[in-house]
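*Asks:* Got a structure here, written out as structure tokens. Questions coming.
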Protein chains: 2
Amino acid sequence: MKALIISADNFEDTELLVPYYRLKEANLTVAVASISRGVIQGKHGYEVAAYKTLDDVNPDDYAILILPGGEAPMLLRKEPKVLEIARSFFVRNKPVAAICHGPQILISAQLLQGRHATCYHLVADELKEAGALYEDREVVVDGNLVTSRQPGDLPAFMREAMKQLETSRS
Amino acid sequence: MKALIISADNFEDTELLVPYYRLKEANLTVAVASISRGVIQGKHGYEVAAYKTLDDVNPDDYAILILPGGEAPMLLRKEPKVLEIARSFFVRNKPVAAICHGPQILISAQLLQGRHATCYHLVADELKEAGALYEDREVVVDGNLVTSRQPGDLPAFMREAMKQLETSRS
């Protein structure tokens, strides 16, 4: 089983690395895709190799999509290919887990209308304007969609993301 | 069930935070103890609140001991209370998981004689001199002892640490 993380420079380091390591712990193959191939750097200086460009990604290859926060989503939401990948996961009802600023990508993809969701507090207004039913909780699950607010929510975020994978496995 | 992480300033951020979040995901209560009470800062700038001093720790309260790396173990190995806590876990055959420079604490506690173990490559000579059977692998398990080399080994490290907890639960 394979997982896809989409991010870019200035990602929030733990929001990428904690899911990355957690999915590998569960024996998933984890691909990191970005705008171009190469090393991306987090706000705290961690470096992660993005072996795939967005154009290299076939969403059908992956069981789950993870969207970490930081400043990366601000760049990524302008990329039509990212929005197309996110829509593909929703159409197939496959898990999408977005944290902090990650949901900005789903806002730009117009995927949150009528959906229960959360995000970083400074993104909340934008989330509501996109038609989402905002909740200020550590994790909100609505069907295939798992969202959280910030790094401190990572335990709840990954607990629910892993549950989604178990459901899709069975 | 409770887990204990012992660390100090200049910890390797992911080696503390990944286990911290992973154990919380599994609904454990995680205590971080340090030389004094207050905020400790990682090499990459992450801050973690240490609510307990070493003297506050009763090792009998905890099911597992995690020793992250970075420069923290260099300070901690000089603290007799840390060595005493580590010995208590070994005497009771409870899981101890140490990564990177973390095993330096177990060297100072003279707990590695005849034990299969690994560590950060620059610590390997010291580990061998302490009587350990050094192996250059992502994770080495010997009874209650789980050791790994570096941040990239965190998936294997946590997979084995969580297995130890399941065994002690059953």
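By convention in this document, the chains of the structure tokens carry letters A, B, ... by their order, each chain's residues are numbered from 1, and ligands are numbered from 1 in the order they are shown.
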Excluding same-chain residues fewer than 4 positions from Asn27 (chain A), what lies within 10 Å of it counting only C-alpha atoms, as JSON, numbers by chain?
*Replies:* {"A": [1, 2, 21, 22, 23], "B": [155, 156, 159]}
*Asks:* Export N, CA and C atoms of the chosen residues as an mmCIF file, in the first residue's frame?
*Replies:*
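As a result, part.cif now contains:
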data_model
loop_
_atom_site.group_PDB
_atom_site.id
_atom_site.type_symbol
_atom_site.label_atom_id
_atom_site.label_comp_id
_atom_site.auth_asym_id
_atom_site.auth_seq_id
_atom_site.Cartn_x
_atom_site.Cartn_y
_atom_site.Cartn_z
ATOM 1 N N MET A 1 0.839 -1.198 0.000
ATOM 2 C CA MET A 1 0.000 0.000 0.000
ATOM 3 C C MET A 1 0.881 1.257 0.000
ATOM 4 N N LYS A 2 0.449 2.272 -0.741
ATOM 5 C CA LYS A 2 1.275 3.467 -0.888
ATOM 6 C C LYS A 2 0.549 4.724 -0.404
ATOM 7 N N TYR A 21 6.935 9.292 8.909
ATOM 8 C CA TYR A 21 7.488 8.181 9.687
ATOM 9 C C TYR A 21 6.392 7.220 10.154
ATOM 10 N N ARG A 22 5.230 7.766 10.494
ATOM 11 C CA ARG A 22 4.143 6.919 11.006
ATOM 12 C C ARG A 22 3.645 5.947 9.935
ATOM 13 N N LEU A 23 3.521 6.454 8.707
ATOM 14 C CA LEU A 23 3.056 5.595 7.613
ATOM 15 C C LEU A 23 4.098 4.534 7.292
ATOM 16 N N PRO B 155 10.840 4.965 11.930
ATOM 17 C CA PRO B 155 9.728 4.016 11.702
ATOM 18 C C PRO B 155 9.992 2.648 12.324
ATOM 19 N N ALA B 156 11.193 2.102 12.113
ATOM 20 C CA ALA B 156 11.525 0.788 12.685
ATOM 21 C C ALA B 156 11.618 0.873 14.211
ATOM 22 N N ARG B 159 8.116 1.055 15.587
ATOM 23 C CA ARG B 159 7.419 -0.226 15.368
ATOM 24 C C ARG B 159 7.799 -1.210 16.478
#
*Asks:* Which polymer residues have any atom within 7 Å of an atom of region 82-94 of chain A, counting only C-alpha atoms, with same-chain residues fewer than 3 positions away left out, as a PyMOL selection string?
*Replies:* chain A and resi 54+59+63-64+76-77+79+105+109+144
*Asks:* Restricted to N, CA and C atoms, what would the selected residues look like written as a tab-separated table (two decimals), in the first residue's frame?
*Replies:*
chain	number	residue	atom	x	y	z
A	54	LEU	N	4.70	16.96	-9.38
A	54	LEU	CA	3.24	16.78	-9.41
A	54	LEU	C	2.81	16.04	-10.67
A	59	PRO	N	-2.69	9.58	-9.13
A	59	PRO	CA	-3.35	9.41	-7.82
A	59	PRO	C	-3.90	8.01	-7.60
A	63	ALA	N	-3.18	5.10	-1.64
A	63	ALA	CA	-4.35	4.81	-0.79
A	63	ALA	C	-4.75	6.00	0.06
A	64	ILE	N	-3.83	6.96	0.24
A	64	ILE	CA	-4.14	8.11	1.10
A	64	ILE	C	-3.32	9.31	0.64
A	76	LEU	N	1.27	25.68	-3.20
A	76	LEU	CA	0.70	24.51	-3.88
A	76	LEU	C	-0.71	24.75	-4.40
A	77	ARG	N	-1.47	25.59	-3.68
A	77	ARG	CA	-2.87	25.80	-4.07
A	77	ARG	C	-2.99	26.49	-5.42
A	79	GLU	N	-1.29	25.52	-8.00
A	79	GLU	CA	-0.90	24.53	-9.01
A	79	GLU	C	-2.12	23.69	-9.41
A	105	ILE	N	-5.46	23.96	0.36
A	105	ILE	CA	-5.45	23.29	-0.95
A	105	ILE	C	-6.85	22.78	-1.29
A	109	ALA	N	-9.48	23.78	-4.28
A	109	ALA	CA	-10.04	22.70	-5.13
A	109	ALA	C	-11.56	22.64	-5.03
A	144	ASN	N	-14.34	10.63	4.04
A	144	ASN	CA	-12.93	10.37	3.70
A	144	ASN	C	-11.99	11.47	4.18
*Asks:* Counting only C-alpha atoms, which residues from chain B have an atom at most 10 Å from any atom of chain A, and could you show them as a PyMOL selection string?
*Replies:* chain B and resi 13-14+17-27+43-46+151-160
*Asks:* For the structure I just gave you, how does DSSP split region 37-135 of chain B - specifically, which residues are helix (DSSP H, G or I)? Reply as a count of residues only.
*Replies:* 38
*Asks:* Name the residues of chain B that fall into strand (DSSP E or B) according to DSSP on the backbone, using the chain letters and numbers of this document, as an MDAnalysis selection string.
*Replies:* chainID B and resid 2:6 11 29:34 38:42 47:50 52:53 64:67 70 96:99 116:117 133:134 140:142 145:148
*Asks:* Using only C-alpha atoms, can you tell me which of A:Arg149, A:Arg37, A:Lys52, A:Lys163 comes closest to Glu135 (chain A)?
*Replies:* A:Arg149
*Asks:* When you look at Ala3 (chain B) with a cut-off of 8 Å (counting only C-alpha atoms), what residues show up, excluding the ones that are within fewer than 6 positions of it in the same chain? I need them as a list in words.
*Replies:*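 In the requested form, the answer reads Leu23, Leu28, Thr29, Val30, Ala31, Tyr62, Ala63, Ile64, Leu65 and Ile66 of chain B.
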*Asks:* Contacts of Glu71 (chain B) at 10 Å or less, counting only C-alpha atoms, minus same-chain residues fewer than 6 places along, as a PyMOL selection string?
*Replies:* chain B and resi 7-12+42-43+100-102
*Asks:* Tell me, in Å to one decimal, how far CA of Ser36 (chain A) is from CA of Asp56 (chain A).
*Replies:*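 The value is 10.0 Å.
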*Asks:* Do you have the CA of Gly69 (chain A)-CA of Thr167 (chain A) distance handy?
*Replies:*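 Between these atoms lies a distance of 25.1 Å.
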